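Take a look at the structure below.
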Amino acid sequence: MEKEAKIDIQPEETSEKEAPKANANEIVVEIKNLKKSFGSKDVLTNINLSLKRGENLVVLGRSGSGKSVTIKCIVGLLTQDEGECKVFGQEVSDMDDKELKELRVKVGFLFQSGALYDSMSVRDNLEFPLIRVLKQHDQAELDKGVNDVLQSVGLADAIDKMPSDLSGGMRKRIGLARTLIVKPEIMLYDEPTTGLDPITSREISELILEMQKKYKTSSIIITHDMECAQITADRILVLQDGAYVAEGTYEELAKSESEFVRSFFK
Ligand SMILES: Nc1ncnc2c1ncn2[C@@H]1O[C@H](COP(=O)(O)OP(=O)(O)OP(=O)(O)O)[C@@H](O)[C@H]1O
């Protein structure tokens, strides 16, 4: 097993975040001819992907097809063997530790587990990134940040609850709030609806769409959930055997000539 880089989202010197440039055609993530193998196993054979500012890009693929590996290359948790992986025009594999820390402030990721600290209340879980990442210490400012993001995810009443008091869907919302609170420019969602019942899954998908509009984030959403894809996607990429085999809107791909692509829509 190759060792993955450790996640450390606490930059030592964090400056005020720059406002995103308003250029709708800007490419914020660009991947070209990306290849990644583990031992003799070729996981990514030829990945090409571009994420435009403000768009929701859904990646569909069977289990084990390399979707998470792609996301880990984007945040520098894994390094590709060949090809380019650029975020905001800068090659991730060339970044030093300081640049990687800055990258992980601009790029938020929500992994399947949600990653809340179970011993901390919702308020403390949400204050944590404000204090550690944005170096905010003024209590009024912290309160405002926490209350605003809780309103956004529809859980203002949960502020003093412990994670163990929350349902799976609520934990997912708080996990999302915890990522969004530092206002990342790019969001990476790794199977955001996995393990949730159909109604809660739909609510989370709708929330992802609302957050795109409210925070103007650009997002890559990895999912098997076709309803999530239908609700959230501006564009969909289909991954097969380590390479993308189709690209289009939900409606376009549902009518694809490829049986493999259509198989997701059944
Ligand atoms: N650090 C690693 N070391 C060795 N093999 C790995 C490592 N990370 C991923 N793999 C292998 O790469 C393949 C793709 O994994 P990945 O997690 O990207 O799949 P996925 O498409 O996200 O699947 P799932 O939907 O099941 O999460 C798997 O066979 C996995 O075992």
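Simple scheme: letters A, B, ... for chains in structure tokens order, numbers from 1 for residues in each chain, numbers from 1 for ligands in the order shown.
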Check your understanding: Would you name the residues within 10 Å of ligand 1, counting only C-alpha atoms and all ligand atoms, and put them as an MDAnalysis selection string?
Key -> chainID A and resid 1:5 36:44 59:72 77:78 112 190:191 194 222:224 239:242
Limited to C-alpha atoms, could you put the picked residues into a file as a compact mmCIF listing (two decimals), in the first residue's frame?
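The resulting part06.txt:
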```txt
# COMPACT_ATOMS: atom_id res chain seq x y z
CA MET A 1 0.00 0.00 0.00
CA GLU A 2 1.39 3.41 -0.91
CA LYS A 3 1.39 5.81 2.00
CA GLU A 4 -0.82 8.82 1.48
CA ALA A 5 0.24 12.28 2.53
CA LYS A 36 -1.44 6.59 -11.43
CA SER A 37 -0.56 3.00 -10.55
CA PHE A 38 -0.17 1.21 -7.24
CA GLY A 39 2.39 -1.55 -7.75
CA SER A 40 1.28 -3.41 -10.85
CA LYS A 41 -2.26 -2.05 -10.62
CA ASP A 42 -2.96 0.75 -13.10
CA VAL A 43 -5.72 2.76 -11.42
CA LEU A 44 -5.75 5.92 -13.54
CA VAL A 59 -17.93 12.13 -11.80
CA LEU A 60 -19.62 8.75 -12.21
CA GLY A 61 -17.77 5.47 -12.04
CA ARG A 62 -18.03 1.99 -10.63
CA SER A 63 -16.55 1.15 -7.23
CA GLY A 64 -12.77 1.04 -7.30
CA SER A 65 -12.54 2.88 -10.63
CA GLY A 66 -10.21 5.54 -9.24
CA LYS A 67 -12.56 8.41 -8.41
CA SER A 68 -11.15 9.01 -4.95
CA VAL A 69 -7.58 8.68 -6.20
CA THR A 70 -8.29 11.50 -8.68
CA ILE A 71 -9.59 13.75 -5.88
CA LYS A 72 -6.56 12.95 -3.71
CA LEU A 77 -2.61 13.74 -0.87
CA LEU A 78 -1.36 11.48 -3.68
CA GLN A 112 -17.58 10.04 3.03
CA ASP A 190 -16.62 12.18 -2.23
CA GLU A 191 -19.92 10.29 -2.34
CA THR A 194 -23.64 7.36 0.59
CA ILE A 222 -18.15 11.95 -6.99
CA THR A 223 -21.23 9.81 -6.72
CA HIS A 224 -23.02 6.60 -7.62
CA LEU A 239 -15.04 6.98 -15.67
CA GLN A 240 -14.25 3.48 -16.99
CA ASP A 241 -11.01 1.55 -16.53
CA GLY A 242 -9.08 4.61 -15.37
```
Check your understanding: Which residues in region 13-156 of chain A does DSSP call alpha helix (DSSP H)? List them as a PyMOL selection string.
Key -> chain A and resi 67-74+97-106+122-132+139-152
Exercise for review: Name the residues of region 52-255 of chain A that fall into strand (DSSP E or B) according to DSSP on the backbone, using the chain letters and numbers of this document, as a VMD selection string.
Suggested key: chain A and resid 52 56 to 61 82 to 87 90 to 91 107 to 110 186 to 190 218 to 222 235 to 240 243 to 248
Exercise for review: Between A:Ile31, A:Arg178, A:Lys255, A:Gly145, single out the one closest to Ser93 (chain A), counting only C-alpha atoms.
Suggested key: A:Ile31
Practice item. Considering only C-alpha atoms, return as an NGL selection string whatever protein or nucleic-acid residues lie within 12 Å of Leu155 (chain A), sequence-local ones (same chain, fewer than 6 positions apart) excluded. Key: :A and (122-123 or 146-149 or 161 or 166-167 or 169-177 or 207)
Selected residues written out with N, CA and C atoms, as a PDB file, in the first residue's frame:
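Dumped to again_29.pdb:
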```pdb
ATOM      1  N   VAL A 122     -21.351  21.032  18.238  1.00  0.00           N
ATOM      2  CA  VAL A 122     -21.445  21.542  16.862  1.00  0.00           C
ATOM      3  C   VAL A 122     -20.759  22.906  16.774  1.00  0.00           C
ATOM      4  N   ARG A 123     -21.017  23.777  17.768  1.00  0.00           N
ATOM      5  CA  ARG A 123     -20.404  25.114  17.758  1.00  0.00           C
ATOM      6  C   ARG A 123     -18.868  24.994  17.718  1.00  0.00           C
ATOM      7  N   VAL A 146     -20.333  31.040  12.581  1.00  0.00           N
ATOM      8  CA  VAL A 146     -21.001  29.773  12.922  1.00  0.00           C
ATOM      9  C   VAL A 146     -22.503  29.883  12.649  1.00  0.00           C
ATOM     10  N   ASN A 147     -23.103  30.987  13.095  1.00  0.00           N
ATOM     11  CA  ASN A 147     -24.549  31.124  12.895  1.00  0.00           C
ATOM     12  C   ASN A 147     -24.913  31.203  11.415  1.00  0.00           C
ATOM     13  N   ASP A 148     -24.115  31.946  10.644  1.00  0.00           N
ATOM     14  CA  ASP A 148     -24.411  32.081   9.209  1.00  0.00           C
ATOM     15  C   ASP A 148     -24.390  30.733   8.506  1.00  0.00           C
ATOM     16  N   VAL A 149     -23.329  29.947   8.788  1.00  0.00           N
ATOM     17  CA  VAL A 149     -23.203  28.684   8.051  1.00  0.00           C
ATOM     18  C   VAL A 149     -24.268  27.692   8.520  1.00  0.00           C
ATOM     19  N   LYS A 161     -25.654  21.108  20.206  1.00  0.00           N
ATOM     20  CA  LYS A 161     -25.738  19.637  20.254  1.00  0.00           C
ATOM     21  C   LYS A 161     -24.354  19.009  20.090  1.00  0.00           C
ATOM     22  N   LEU A 166     -26.922  13.772  16.717  1.00  0.00           N
ATOM     23  CA  LEU A 166     -27.414  14.120  15.383  1.00  0.00           C
ATOM     24  C   LEU A 166     -27.667  12.872  14.543  1.00  0.00           C
ATOM     25  N   SER A 167     -28.638  12.962  13.635  1.00  0.00           N
ATOM     26  CA  SER A 167     -28.878  11.861  12.685  1.00  0.00           C
ATOM     27  C   SER A 167     -27.787  11.897  11.608  1.00  0.00           C
ATOM     28  N   GLY A 169     -28.023  12.327   8.443  1.00  0.00           N
ATOM     29  CA  GLY A 169     -28.216  13.453   7.518  1.00  0.00           C
ATOM     30  C   GLY A 169     -27.759  14.766   8.147  1.00  0.00           C
ATOM     31  N   MET A 170     -28.053  14.918   9.448  1.00  0.00           N
ATOM     32  CA  MET A 170     -27.643  16.152  10.140  1.00  0.00           C
ATOM     33  C   MET A 170     -26.116  16.221  10.236  1.00  0.00           C
ATOM     34  N   ARG A 171     -25.499  15.077  10.520  1.00  0.00           N
ATOM     35  CA  ARG A 171     -24.020  15.051  10.607  1.00  0.00           C
ATOM     36  C   ARG A 171     -23.410  15.458   9.267  1.00  0.00           C
ATOM     37  N   LYS A 172     -24.036  14.968   8.206  1.00  0.00           N
ATOM     38  CA  LYS A 172     -23.542  15.303   6.869  1.00  0.00           C
ATOM     39  C   LYS A 172     -23.645  16.816   6.637  1.00  0.00           C
ATOM     40  N   ARG A 173     -24.765  17.388   7.068  1.00  0.00           N
ATOM     41  CA  ARG A 173     -24.952  18.840   6.913  1.00  0.00           C
ATOM     42  C   ARG A 173     -23.909  19.619   7.714  1.00  0.00           C
ATOM     43  N   ILE A 174     -23.663  19.155   8.950  1.00  0.00           N
ATOM     44  CA  ILE A 174     -22.687  19.861   9.785  1.00  0.00           C
ATOM     45  C   ILE A 174     -21.284  19.684   9.190  1.00  0.00           C
ATOM     46  N   GLY A 175     -21.007  18.473   8.667  1.00  0.00           N
ATOM     47  CA  GLY A 175     -19.717  18.235   7.992  1.00  0.00           C
ATOM     48  C   GLY A 175     -19.551  19.193   6.818  1.00  0.00           C
ATOM     49  N   LEU A 176     -20.636  19.390   6.093  1.00  0.00           N
ATOM     50  CA  LEU A 176     -20.604  20.323   4.954  1.00  0.00           C
ATOM     51  C   LEU A 176     -20.395  21.751   5.458  1.00  0.00           C
ATOM     52  N   ALA A 177     -21.115  22.108   6.533  1.00  0.00           N
ATOM     53  CA  ALA A 177     -20.975  23.448   7.114  1.00  0.00           C
ATOM     54  C   ALA A 177     -19.524  23.684   7.557  1.00  0.00           C
ATOM     55  N   LEU A 207     -29.049  20.594  -1.104  1.00  0.00           N
ATOM     56  CA  LEU A 207     -28.190  21.506  -0.332  1.00  0.00           C
ATOM     57  C   LEU A 207     -26.894  21.817  -1.114  1.00  0.00           C
TER      58      LEU A 207
END
```
Practice item. May I ask which of the residues A:Ser258, A:Ser152, A:Asn25, A:Thr193 is the closest one to Tyr215 (chain A), counting only C-alpha atoms? Key: A:Ser152
Exercise for review: Do a neighbour search on Asp143 (chain A) at 12 Å with only C-alpha atoms, toss out local chain neighbours closer than 6 positions, and write the hits as an MDAnalysis selection string.
Suggested key: chainID A and resid 123:124 126:128 130:131 136:137 149:150 156 159 181
**Study point:** Selected residue of minimal separation from Lys106 (chain A) among A:Thr249, A:Ser121, A:Thr217, A:Ser256, counting only C-alpha atoms
**Key:** A:Thr217
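The interatomic distance for the pair CA of Ser205 (chain A) and CA of Ile231 (chain A) works out to 6.3 Å.
Here the question is which of A:Cys73, A:Leu237, A:Leu110, A:Leu51 gets nearest to Ile208 (chain A) using only C-alpha atoms, and that residue is A:Leu110.
Between CA of Ser218 (chain A) and CA of Pro184 (chain A) the interatomic distance comes to 9.0 Å.
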